[in-house]
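Note: the block below is coords-v4.cif and it holds mmCIF, C-alpha atoms.
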data_run
#
loop_
_atom_site.group_PDB
_atom_site.id
_atom_site.type_symbol
_atom_site.label_atom_id
_atom_site.label_comp_id
_atom_site.auth_asym_id
_atom_site.auth_seq_id
_atom_site.Cartn_x
_atom_site.Cartn_y
_atom_site.Cartn_z
ATOM 1 C CA MET J 300 23.431 -54.538 -36.539
ATOM 2 C CA ASN J 301 21.853 -51.600 -38.388
ATOM 3 C CA LYS J 302 18.377 -52.674 -37.298
ATOM 4 C CA GLN J 303 19.532 -52.874 -33.690
ATOM 5 C CA GLN J 304 21.235 -49.482 -33.899
ATOM 6 C CA GLY J 305 18.073 -47.929 -35.339
ATOM 7 C CA LYS J 306 15.994 -49.426 -32.528
ATOM 8 C CA ALA J 307 18.411 -48.147 -29.911
ATOM 9 C CA THR J 308 18.331 -44.656 -31.446
ATOM 10 C CA MET J 309 14.523 -44.726 -31.404
ATOM 11 C CA ASN J 310 14.563 -45.749 -27.760
ATOM 12 C CA VAL J 311 16.999 -42.992 -26.819
ATOM 13 C CA LEU J 312 14.928 -40.468 -28.734
ATOM 14 C CA ALA J 313 11.731 -41.596 -27.017
ATOM 15 C CA LEU J 314 13.416 -41.462 -23.626
ATOM 16 C CA SER J 315 14.836 -38.001 -24.365
ATOM 17 C CA LEU J 316 11.421 -36.754 -25.380
ATOM 18 C CA THR J 317 9.895 -38.198 -22.227
ATOM 19 C CA ALA J 318 12.616 -36.483 -20.175
ATOM 20 C CA VAL J 319 11.987 -33.169 -21.971
ATOM 21 C CA PHE J 320 8.258 -33.596 -21.378
ATOM 22 C CA ALA J 321 8.789 -34.277 -17.665
ATOM 23 C CA LEU J 322 11.236 -31.354 -17.334
ATOM 24 C CA MET J 323 8.829 -28.978 -19.025
ATOM 25 C CA CYS J 324 6.015 -30.154 -16.758
ATOM 26 C CA ALA J 325 8.201 -29.583 -13.695
ATOM 27 C CA ALA J 326 9.359 -26.148 -14.920
ATOM 28 C CA LEU J 327 5.806 -25.058 -15.664
ATOM 29 C CA LEU J 328 4.628 -26.227 -12.268
ATOM 30 C CA LEU J 329 7.528 -24.468 -10.518
ATOM 31 C CA MET J 330 6.883 -21.247 -12.386
ATOM 32 C CA ALA J 331 3.168 -21.424 -11.615
ATOM 33 C CA VAL J 332 3.862 -21.924 -7.921
ATOM 34 C CA GLN J 333 6.382 -19.036 -7.869
ATOM 35 C CA ALA J 334 4.048 -16.683 -9.752
ATOM 36 C CA TYR J 335 1.101 -17.609 -7.534
ATOM 37 C CA HIS J 336 3.220 -17.139 -4.402
ATOM 38 C CA ALA J 337 4.498 -13.721 -5.557
ATOM 39 C CA VAL J 338 1.023 -12.491 -6.541
ATOM 40 C CA THR J 339 -0.548 -13.729 -3.291
ATOM 41 C CA ALA J 340 2.238 -12.266 -1.133
ATOM 42 C CA ARG J 341 1.976 -8.881 -2.855
ATOM 43 C CA THR J 342 -1.824 -8.848 -2.563
ATOM 44 C CA GLN J 343 -1.593 -9.842 1.106
ATOM 45 C CA ALA J 344 0.980 -7.100 1.805
ATOM 46 C CA ALA J 345 -1.192 -4.481 0.056
ATOM 47 C CA THR J 346 -4.253 -5.612 2.015
ATOM 48 C CA GLU J 347 -2.410 -5.495 5.345
ATOM 49 C CA CYS J 348 -1.025 -2.050 4.482
ATOM 50 C CA ARG J 349 -4.465 -0.707 3.504
ATOM 51 C CA THR J 350 -6.099 -2.243 6.580
ATOM 52 C CA ALA J 351 -3.632 -0.828 9.097
ATOM 53 C CA VAL J 352 -3.359 2.627 7.528
ATOM 54 C CA GLY J 353 -7.077 2.897 6.737
ATOM 55 C CA TYR J 354 -8.080 1.829 10.230
ATOM 56 C CA VAL J 355 -5.839 4.357 11.966
ATOM 57 C CA MET J 356 -6.819 7.149 9.549
ATOM 58 C CA ASN J 357 -10.528 6.522 10.139
ATOM 59 C CA ARG J 358 -10.026 6.484 13.901
ATOM 60 C CA VAL J 359 -8.033 9.736 13.731
ATOM 61 C CA HIS J 360 -10.690 11.487 11.638
ATOM 62 C CA ALA J 361 -13.446 10.380 14.015
ATOM 63 C CA ALA J 362 -11.533 11.289 17.198
ATOM 64 C CA GLN J 363 -12.511 14.159 19.484
ATOM 65 C CA GLU J 364 -9.077 14.497 21.071
ATOM 66 C CA ILE J 365 -5.748 12.934 20.140
ATOM 67 C CA ARG J 366 -2.662 12.540 22.314
ATOM 68 C CA ILE J 367 0.617 10.833 21.517
ATOM 69 C CA ASN J 368 2.489 9.167 24.368
ATOM 70 C CA THR J 369 5.523 6.959 24.680
ATOM 71 C CA MET J 370 4.875 4.147 27.143
ATOM 72 C CA GLU J 371 7.072 1.449 28.605
ATOM 73 C CA LEU J 372 5.292 -1.782 27.710
ATOM 74 C CA ASP J 373 6.916 -5.174 28.302
ATOM 75 C CA ALA J 374 10.308 -3.468 28.849
ATOM 76 C CA GLN J 375 10.135 -1.650 25.534
ATOM 77 C CA ALA J 376 9.261 1.971 24.795
ATOM 78 C CA ARG J 377 6.275 2.068 22.445
ATOM 79 C CA CYS J 378 4.453 4.905 20.771
ATOM 80 C CA VAL J 379 0.819 4.903 21.862
ATOM 81 C CA MET J 380 -1.810 7.028 20.155
ATOM 82 C CA ILE J 381 -4.573 7.902 22.571
ATOM 83 C CA LEU J 382 -7.962 8.932 21.230
ATOM 84 C CA ALA J 383 -9.962 10.387 24.100
ATOM 85 C CA GLU J 384 -13.740 10.755 24.152
ATOM 86 C CA GLU J 385 -16.531 11.254 26.637
ATOM 87 C CA ILE J 386 -19.455 8.834 26.788
ATOM 88 C CA ASP J 387 -22.333 9.537 29.247
ATOM 89 C CA GLY J 388 -20.110 11.916 31.210
ATOM 90 C CA LYS J 389 -17.320 9.370 31.630
ATOM 91 C CA ALA J 390 -13.914 9.636 30.004
ATOM 92 C CA TYR J 391 -12.902 6.768 27.729
ATOM 93 C CA GLU J 392 -9.756 6.164 25.720
ATOM 94 C CA THR J 393 -8.917 4.207 22.599
ATOM 95 C CA ARG J 394 -5.230 3.302 22.655
ATOM 96 C CA LEU J 395 -3.585 2.369 19.409
ATOM 97 C CA PHE J 396 -0.109 0.869 19.467
ATOM 98 C CA CYS J 397 2.057 -1.755 17.855
ATOM 99 C CA ALA J 398 3.318 -4.895 19.605
ATOM 100 C CA ASP J 399 4.368 -8.400 18.608
ATOM 101 C CA GLY J 400 4.092 -7.613 14.884
ATOM 102 C CA MET J 401 0.480 -6.459 15.180
ATOM 103 C CA LEU J 402 -1.343 -3.144 15.354
ATOM 104 C CA ARG J 403 -3.385 -3.335 18.538
ATOM 105 C CA GLU J 404 -6.237 -1.366 19.984
ATOM 106 C CA GLN J 405 -7.509 -1.110 23.511
ATOM 107 C CA PHE J 406 -10.723 0.697 24.395
ATOM 108 C CA CYS J 407 -11.377 1.283 28.081
ATOM 109 C CA ARG J 408 -12.049 3.912 30.713
ATOM 110 C CA SER J 409 -9.273 6.435 30.931
ATOM 111 C CA ASP J 410 -8.491 5.611 34.573
ATOM 112 C CA ILE J 411 -7.535 2.015 33.656
ATOM 113 C CA PRO J 412 -3.833 1.940 32.765
ATOM 114 C CA LEU J 413 -2.347 0.084 29.825
ATOM 115 C CA THR J 414 -0.212 -2.547 31.522
ATOM 116 C CA GLY J 415 0.939 -5.066 28.923
ATOM 117 C CA ALA J 416 1.718 -4.876 25.224
ATOM 118 C CA LEU J 417 -0.591 -7.821 24.528
ATOM 119 C CA ASP J 418 -3.591 -6.179 26.250
ATOM 120 C CA GLY J 419 -5.053 -4.787 23.047
ATOM 121 C CA ALA J 420 -7.121 -6.480 20.381
ATOM 122 C CA GLU J 421 -5.256 -7.350 17.174
ATOM 123 C CA ILE J 422 -6.225 -5.194 14.188
ATOM 124 C CA ALA J 423 -3.704 -5.850 11.413
ATOM 125 C CA GLN J 424 -0.131 -6.974 10.818
ATOM 126 C CA LEU J 425 2.308 -4.130 11.457
ATOM 127 C CA GLU J 426 5.956 -4.149 12.503
ATOM 128 C CA SER J 427 6.146 -0.670 13.950
ATOM 129 C CA PHE J 428 4.036 2.429 14.430
ATOM 130 C CA GLU J 429 5.226 5.924 15.287
ATOM 131 C CA ALA J 430 3.305 9.168 15.426
ATOM 132 C CA GLN J 431 4.033 12.767 16.219
ATOM 133 C CA ARG J 432 1.818 15.794 16.412
ATOM 134 C CA GLU J 433 2.661 19.333 15.373
ATOM 135 C CA ASP J 434 -0.220 21.748 16.000
ATOM 136 C CA ASP J 435 -3.176 20.190 14.170
ATOM 137 C CA LEU J 436 -1.059 18.036 11.843
ATOM 138 C CA LEU J 437 -0.431 14.435 12.797
ATOM 139 C CA THR J 438 2.415 12.561 11.087
ATOM 140 C CA MET J 439 2.348 8.774 11.328
ATOM 141 C CA ARG J 440 4.902 6.242 10.173
ATOM 142 C CA PHE J 441 3.846 2.645 9.565
ATOM 143 C CA VAL J 442 6.480 -0.059 9.015
ATOM 144 C CA HIS J 443 4.865 -3.134 7.472
ATOM 145 C CA ALA J 444 5.742 -6.835 7.728
ATOM 146 C CA ASP J 445 7.592 -6.749 4.375
ATOM 147 C CA ALA J 446 9.788 -3.876 5.727
ATOM 148 C CA SER J 447 8.156 -1.301 3.463
ATOM 149 C CA ASN J 448 6.941 1.828 5.160
ATOM 150 C CA THR J 449 4.126 4.308 4.714
ATOM 151 C CA VAL J 450 4.147 7.866 6.010
ATOM 152 C CA MET J 451 0.706 9.375 6.430
ATOM 153 C CA ARG J 452 -0.317 12.817 7.553
ATOM 154 C CA ALA J 453 -3.729 13.673 8.930
ATOM 155 C CA VAL J 454 -5.404 16.804 10.128
ATOM 156 C CA CYS J 455 -6.720 16.567 13.659
ATOM 157 C CA ALA J 456 -10.150 18.126 14.135
ATOM 158 C CA GLN J 457 -9.901 21.454 15.946
ATOM 159 C CA GLU J 458 -12.794 23.567 17.105
ATOM 160 C CA GLY J 459 -13.066 27.038 15.592
ATOM 161 C CA SER J 460 -10.502 26.504 12.849
ATOM 162 C CA GLY J 461 -12.873 28.053 10.321
ATOM 163 C CA ARG J 462 -12.156 25.419 7.640
ATOM 164 C CA MET K 241 7.480 -53.447 -33.431
ATOM 165 C CA LYS K 242 9.121 -50.629 -35.342
ATOM 166 C CA ARG K 243 5.648 -49.305 -36.236
ATOM 167 C CA VAL K 244 4.624 -49.249 -32.539
ATOM 168 C CA GLY K 245 7.848 -47.393 -31.651
ATOM 169 C CA SER K 246 7.161 -44.745 -34.284
ATOM 170 C CA VAL K 247 3.623 -44.243 -33.004
ATOM 171 C CA VAL K 248 4.882 -43.779 -29.427
ATOM 172 C CA LEU K 249 7.485 -41.312 -30.633
ATOM 173 C CA LEU K 250 4.871 -39.374 -32.591
ATOM 174 C CA GLU K 251 2.571 -39.367 -29.580
ATOM 175 C CA LEU K 252 5.346 -37.998 -27.382
ATOM 176 C CA CYS K 253 6.118 -35.321 -29.948
ATOM 177 C CA ILE K 254 2.474 -34.233 -30.043
ATOM 178 C CA ALA K 255 2.204 -34.262 -26.230
ATOM 179 C CA SER K 256 5.357 -32.109 -25.963
ATOM 180 C CA LEU K 257 3.968 -29.705 -28.544
ATOM 181 C CA ILE K 258 0.649 -29.401 -26.703
ATOM 182 C CA LEU K 259 2.502 -28.841 -23.425
ATOM 183 C CA LEU K 260 4.662 -26.211 -25.072
ATOM 184 C CA MET K 261 1.585 -24.343 -26.284
ATOM 185 C CA THR K 262 -0.122 -24.657 -22.895
ATOM 186 C CA GLY K 263 3.076 -23.440 -21.242
ATOM 187 C CA ALA K 264 3.253 -20.406 -23.505
ATOM 188 C CA ILE K 265 -0.351 -19.472 -22.655
ATOM 189 C CA ALA K 266 0.231 -20.072 -18.940
ATOM 190 C CA VAL K 267 3.394 -17.937 -18.946
ATOM 191 C CA GLN K 268 1.465 -15.082 -20.558
ATOM 192 C CA LEU K 269 -1.239 -15.392 -17.904
ATOM 193 C CA PHE K 270 1.302 -15.457 -15.076
ATOM 194 C CA VAL K 271 3.102 -12.410 -16.434
ATOM 195 C CA ARG K 272 -0.212 -10.552 -16.752
ATOM 196 C CA ALA K 273 -1.270 -11.556 -13.215
ATOM 197 C CA ASP K 274 2.092 -10.411 -11.864
ATOM 198 C CA ALA K 275 1.837 -7.081 -13.698
ATOM 199 C CA MET K 276 -1.704 -6.542 -12.412
ATOM 200 C CA SER K 277 -0.619 -7.351 -8.876
ATOM 201 C CA ARG K 278 2.284 -4.882 -9.128
ATOM 202 C CA GLU K 279 -0.007 -2.191 -10.501
ATOM 203 C CA THR K 280 -2.571 -2.763 -7.739
ATOM 204 C CA SER K 281 0.152 -2.477 -5.128
ATOM 205 C CA ALA K 282 1.501 0.702 -6.743
ATOM 206 C CA ARG K 283 -2.018 2.183 -6.938
ATOM 207 C CA THR K 284 -2.520 1.500 -3.229
ATOM 208 C CA GLN K 285 0.720 3.323 -2.437
ATOM 209 C CA ALA K 286 -0.220 6.159 -4.813
ATOM 210 C CA MET K 287 -3.638 6.531 -3.184
ATOM 211 C CA LEU K 288 -2.110 6.687 0.307
ATOM 212 C CA MET K 289 0.505 9.233 -0.815
ATOM 213 C CA ALA K 290 -2.130 11.440 -2.435
ATOM 214 C CA GLN K 291 -4.361 11.185 0.632
ATOM 215 C CA SER K 292 -1.457 12.122 2.894
ATOM 216 C CA CYS K 293 -0.577 15.092 0.674
ATOM 217 C CA ALA K 294 -4.209 16.287 0.684
ATOM 218 C CA GLN K 295 -4.277 16.132 4.475
ATOM 219 C CA TYR K 296 -0.999 18.035 4.690
ATOM 220 C CA LEU K 297 -2.325 20.758 2.379
ATOM 221 C CA ALA K 298 -5.550 20.986 4.395
ATOM 222 C CA SER K 299 -3.520 21.728 7.527
ATOM 223 C CA GLN K 300 -1.520 24.563 5.948
ATOM 224 C CA ASP K 301 -2.481 28.186 5.379
ATOM 225 C CA ASP K 302 -0.562 28.662 2.143
ATOM 226 C CA MET K 303 -0.512 25.612 -0.141
ATOM 227 C CA ALA K 304 2.339 26.868 -2.351
ATOM 228 C CA ASP K 305 4.600 27.702 0.610
ATOM 229 C CA ALA K 306 3.736 24.406 2.278
ATOM 230 C CA LEU K 307 4.649 22.413 -0.813
ATOM 231 C CA THR K 308 7.968 24.258 -1.188
ATOM 232 C CA ALA K 309 8.744 23.604 2.487
ATOM 233 C CA ASP K 310 7.941 19.910 1.949
ATOM 234 C CA GLY K 311 10.582 19.569 -0.797
ATOM 235 C CA TYR K 312 8.460 20.103 -3.903
ATOM 236 C CA GLU K 313 9.957 21.979 -6.836
ATOM 237 C CA LYS K 314 7.988 24.481 -8.828
ATOM 238 C CA THR K 315 7.825 23.716 -12.552
ATOM 239 C CA ALA K 316 7.505 26.100 -15.492
ATOM 240 C CA ASP K 317 3.731 25.594 -15.686
ATOM 241 C CA GLY K 318 3.276 26.587 -12.032
ATOM 242 C CA ALA K 319 2.711 23.073 -10.682
ATOM 243 C CA PHE K 320 4.791 21.481 -7.903
ATOM 244 C CA GLU K 321 6.651 18.203 -8.368
ATOM 245 C CA LYS K 322 8.488 15.822 -6.069
ATOM 246 C CA ALA K 323 10.126 12.437 -6.680
ATOM 247 C CA MET K 324 8.877 9.760 -4.300
ATOM 248 C CA ASN K 325 9.903 6.132 -3.732
ATOM 249 C CA ASP K 326 9.424 3.265 -6.277
ATOM 250 C CA GLU K 327 10.007 5.655 -9.206
ATOM 251 C CA MET K 328 6.803 7.495 -8.363
ATOM 252 C CA ASP K 329 6.400 11.241 -8.822
ATOM 253 C CA MET K 330 3.919 13.550 -7.159
ATOM 254 C CA ARG K 331 2.590 16.525 -9.054
ATOM 255 C CA VAL K 332 0.383 19.111 -7.373
ATOM 256 C CA SER K 333 -1.385 21.915 -9.248
ATOM 257 C CA VAL K 334 -2.675 24.618 -6.947
ATOM 258 C CA LEU K 335 -5.189 27.313 -7.703
ATOM 259 C CA GLY K 336 -7.221 29.718 -5.568
ATOM 260 C CA THR K 337 -10.614 31.124 -6.501
ATOM 261 C CA PRO K 338 -11.616 34.277 -4.612
ATOM 262 C CA TYR K 339 -15.238 34.677 -3.541
ATOM 263 C CA ALA K 340 -16.969 37.474 -1.636
ATOM 264 C CA GLY K 341 -16.905 35.541 1.623
ATOM 265 C CA GLY K 342 -13.521 33.877 1.333
ATOM 266 C CA THR K 343 -11.194 31.861 -0.861
ATOM 267 C CA LEU K 344 -11.663 28.394 -2.268
ATOM 268 C CA ARG K 345 -8.259 26.805 -2.599
ATOM 269 C CA GLU K 346 -8.078 23.791 -4.841
ATOM 270 C CA ALA K 347 -5.274 21.374 -5.497
ATOM 271 C CA ARG K 348 -5.080 18.554 -8.002
ATOM 272 C CA ILE K 349 -2.763 15.846 -6.710
ATOM 273 C CA GLU K 350 -1.447 13.445 -9.313
ATOM 274 C CA VAL K 351 0.792 10.450 -8.671
ATOM 275 C CA THR K 352 2.649 9.051 -11.674
ATOM 276 C CA GLN K 353 4.986 6.112 -12.206
ATOM 277 C CA ALA K 354 7.230 6.075 -15.274
ATOM 278 C CA GLY K 355 5.051 8.749 -16.882
ATOM 279 C CA LYS K 356 1.789 6.824 -16.302
ATOM 280 C CA THR K 357 -0.835 8.370 -14.028
ATOM 281 C CA LEU K 358 -1.621 5.980 -11.193
ATOM 282 C CA PHE K 359 -3.932 8.100 -9.103
ATOM 283 C CA GLU K 360 -5.489 11.548 -9.167
ATOM 284 C CA LEU K 361 -7.043 13.269 -6.193
ATOM 285 C CA PRO K 362 -8.676 16.695 -6.200
ATOM 286 C CA ALA K 363 -8.508 18.473 -2.841
ATOM 287 C CA ALA K 364 -10.147 21.718 -1.773
ATOM 288 C CA SER K 365 -10.200 23.909 1.325
ATOM 289 C CA TYR K 366 -12.413 26.908 1.880
ATOM 290 C CA TYR K 367 -10.817 29.738 3.812
ATOM 291 C CA ASN K 368 -13.517 31.875 5.409
ATOM 292 C CA LYS K 369 -13.251 35.659 5.128
ATOM 293 C CA GLU K 370 -9.915 35.499 3.338
ATOM 294 C CA VAL K 371 -9.552 36.948 -0.123
ATOM 295 C CA ILE K 372 -6.539 36.415 -2.362
ATOM 296 C CA HIS K 373 -5.509 39.585 -4.158
ATOM 297 C CA PRO K 374 -3.840 39.002 -7.518
#

Give the structure from the file, written as structure tokens.
Amino acid sequence: MNKQQGKATMNVLALSLTAVFALMCAALLLMAVQAYHAVTARTQAATECRTAVGYVMNRVHAAQEIRINTMELDAQARCVMILAEEIDGKAYETRLFCADGMLREQFCRSDIPLTGALDGAEIAQLESFEAQREDDLLTMRFVHADASNTVMRAVCAQEGSGR
Amino acid sequence: MKRVGSVVLLELCIASLILLMTGAIAVQLFVRADAMSRETSARTQAMLMAQSCAQYLASQDDMADALTADGYEKTADGAFEKAMNDEMDMRVSVLGTPYAGGTLREARIEVTQAGKTLFELPAASYYNKEVIHP
């Protein structure tokens, strides 16, 4: 009886250890997946944020003339930043706006109207984009896919400012 | 039979111990990776905030007045401070150096989080034919 009891105890102990081993394996795997997911998501969000903001800032700094318009695109009012320039005597526009969760850009001659929100080329993930201009200071608000937002200000180039 | 059972039990114990040690190392690595990722994200935000502040200052005639109007508070040492989001603070030190032909205005923009400097950005604007009188 004692021998049998001892054997049963050994079996239970072995089984318990196996269960603990399996549980620890599962917990470690779960934690690894969660940590990897969190790190990747955060890195992705930071990259998207940098891409969208950096792209618009570079375009603004390189622009000859900047206008901010609100346009009705696909039955929704959207803020469109228009960067005007002249190439070989012809007027061209770069239109930057946000639609369908993406920052979009359309470059074309200024006499061609922007008709649909999906006309532009996709640049980066962005939920919303707003801009307003006060003298030579441009204030832009970017709302990212993770609902965080970035407010950026930029000086628009002005001739004869003496700076 | 009993001997075989003991060996299996010992083997399981050793395997669990090894897994425990591996787990401890892995947890440390995950925590470090997470902290690095958070810091990178915070540095990105800090860099964008400092860049935005530098652009704002470049558009204004008087840096000190502009900072006050933007909600910054002047500290005892003459710098300007403002609390931002994610427990970040902006600190801007402004100084103007007069030259014969104008004034060089310099600002040191510092973004900190919980007392730790995340990003520093020096900014300068030269104002032609304008001289600051002390």

Practice item. Return as a ChimeraX atom specification the residues belonging to chain J that are within 10 Å of chain K, counting only C-alpha atoms. Key: /J:302,305-306,309-310,312-317,319-321,323-324,326-328,330-335,337-346,348-349,352-353,356,434-439,448-455,460-462

Point to revise | Selection dump of the PyMOL selection byres ((chain K and resi 336) around 8), as an NGL selection string | key: :K and (334-335 or 337-338 or 343-346 or 372)

Near-Leu425 of chain J list (12 Å; only C-alpha atoms; drop same-chain fewer than 6 positions) as a PDB file with C-alpha atoms, in the coordinates of the input:
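Ended up saving to result_20.pdb:
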ATOM      1  CA  ALA J 344       0.980  -7.100   1.805  1.00  0.00           C
ATOM      2  CA  ALA J 345      -1.192  -4.481   0.056  1.00  0.00           C
ATOM      3  CA  THR J 346      -4.253  -5.612   2.015  1.00  0.00           C
ATOM      4  CA  GLU J 347      -2.410  -5.495   5.345  1.00  0.00           C
ATOM      5  CA  CYS J 348      -1.025  -2.050   4.482  1.00  0.00           C
ATOM      6  CA  ARG J 349      -4.465  -0.707   3.504  1.00  0.00           C
ATOM      7  CA  THR J 350      -6.099  -2.243   6.580  1.00  0.00           C
ATOM      8  CA  ALA J 351      -3.632  -0.828   9.097  1.00  0.00           C
ATOM      9  CA  VAL J 352      -3.359   2.627   7.528  1.00  0.00           C
ATOM     10  CA  VAL J 355      -5.839   4.357  11.966  1.00  0.00           C
ATOM     11  CA  LEU J 395      -3.585   2.369  19.409  1.00  0.00           C
ATOM     12  CA  PHE J 396      -0.109   0.869  19.467  1.00  0.00           C
ATOM     13  CA  CYS J 397       2.057  -1.755  17.855  1.00  0.00           C
ATOM     14  CA  ALA J 398       3.318  -4.895  19.605  1.00  0.00           C
ATOM     15  CA  ASP J 399       4.368  -8.400  18.608  1.00  0.00           C
ATOM     16  CA  GLY J 400       4.092  -7.613  14.884  1.00  0.00           C
ATOM     17  CA  MET J 401       0.480  -6.459  15.180  1.00  0.00           C
ATOM     18  CA  LEU J 402      -1.343  -3.144  15.354  1.00  0.00           C
ATOM     19  CA  ARG J 403      -3.385  -3.335  18.538  1.00  0.00           C
ATOM     20  CA  ARG J 440       4.902   6.242  10.173  1.00  0.00           C
ATOM     21  CA  PHE J 441       3.846   2.645   9.565  1.00  0.00           C
ATOM     22  CA  VAL J 442       6.480  -0.059   9.015  1.00  0.00           C
ATOM     23  CA  HIS J 443       4.865  -3.134   7.472  1.00  0.00           C
ATOM     24  CA  ALA J 444       5.742  -6.835   7.728  1.00  0.00           C
ATOM     25  CA  ASP J 445       7.592  -6.749   4.375  1.00  0.00           C
ATOM     26  CA  ALA J 446       9.788  -3.876   5.727  1.00  0.00           C
ATOM     27  CA  SER J 447       8.156  -1.301   3.463  1.00  0.00           C
ATOM     28  CA  ASN J 448       6.941   1.828   5.160  1.00  0.00           C
ATOM     29  CA  THR J 449       4.126   4.308   4.714  1.00  0.00           C
TER      30      THR J 449
END

Check your understanding: Interatomic distance between atom CA of Met328 of chain K and atom CA of Arg358 of chain J?
Key -> 27.9 Å

**Study point:** atom CA of Leu307 of chain K to atom CA of Asn357 of chain J, distance in Å rounded to a single decimal
**Key:**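 Taking atom CA of Leu307 of chain K and atom CA of Asn357 of chain J, their separation equals 24.6 Å.
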
Review point. Please, what distance in Å, to one decimal, runs between atom CA of His360 of chain J and atom CA of Cys378 of chain J?
Key: 18.9 Å

**Study point:** Picked residues, the PyMOL selection byres ((chain K and resi 351) around 9), as a count of residues only
**Key:** 20

Exercise for review: Using all atoms listed in the file, determine which residues lie at most 8 Å from Ser333 of chain K, disregarding the query and same-chain residues fewer than 4 positions distant; provide the list as a VMD selection string.
Suggested key: chain K and resid 318 to 320 347 to 349

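Between Glu327 of chain K and the candidates K:Gly355, K:Ala363, K:Val247, K:Gly341, the tightest atom-to-atom separation, counting only C-alpha atoms, involves K:Gly355.
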
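When the PyMOL selection byres ((chain K and resi 311) around 10) is run on the displayed coordinates, the residues it returns are Ala306, Leu307, Thr308, Ala309, Asp310, Tyr312, Glu313, Lys314, Phe320, Glu321, Lys322 and Ala323 of chain K.
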
If you keep C-alpha atoms, can you produce a file of those selected residues as a PDB file, keeping the file's coordinate frame?
ATOM      1  CA  ALA K 306       3.736  24.406   2.278  1.00  0.00           C
ATOM      2  CA  LEU K 307       4.649  22.413  -0.813  1.00  0.00           C
ATOM      3  CA  THR K 308       7.968  24.258  -1.188  1.00  0.00           C
ATOM      4  CA  ALA K 309       8.744  23.604   2.487  1.00  0.00           C
ATOM      5  CA  ASP K 310       7.941  19.910   1.949  1.00  0.00           C
ATOM      6  CA  TYR K 312       8.460  20.103  -3.903  1.00  0.00           C
ATOM      7  CA  GLU K 313       9.957  21.979  -6.836  1.00  0.00           C
ATOM      8  CA  LYS K 314       7.988  24.481  -8.828  1.00  0.00           C
ATOM      9  CA  PHE K 320       4.791  21.481  -7.903  1.00  0.00           C
ATOM     10  CA  GLU K 321       6.651  18.203  -8.368  1.00  0.00           C
ATOM     11  CA  LYS K 322       8.488  15.822  -6.069  1.00  0.00           C
ATOM     12  CA  ALA K 323      10.126  12.437  -6.680  1.00  0.00           C
TER      13      ALA K 323
END

What's the 9 Å shell around Asp410 of chain J, counting only C-alpha atoms, without same-chain residues fewer than 4 positions away, as a CSV table (one decimal) with C-alpha atoms, in the coordinates of the input?
chain,number,residue,atom,x,y,z
J,390,ALA,CA,-13.9,9.6,30.0
J,391,TYR,CA,-12.9,6.8,27.7
J,392,GLU,CA,-9.8,6.2,25.7

Practice item. Can you pull out every residue within 12 Å of Pro412 of chain J, counting all atoms listed in the file, but drop anything in the same chain fewer than 3 positions away, and send it as an MDAnalysis selection string? Key: chainID J and resid 370:372 381 391:394 405:409 415:416 418:419
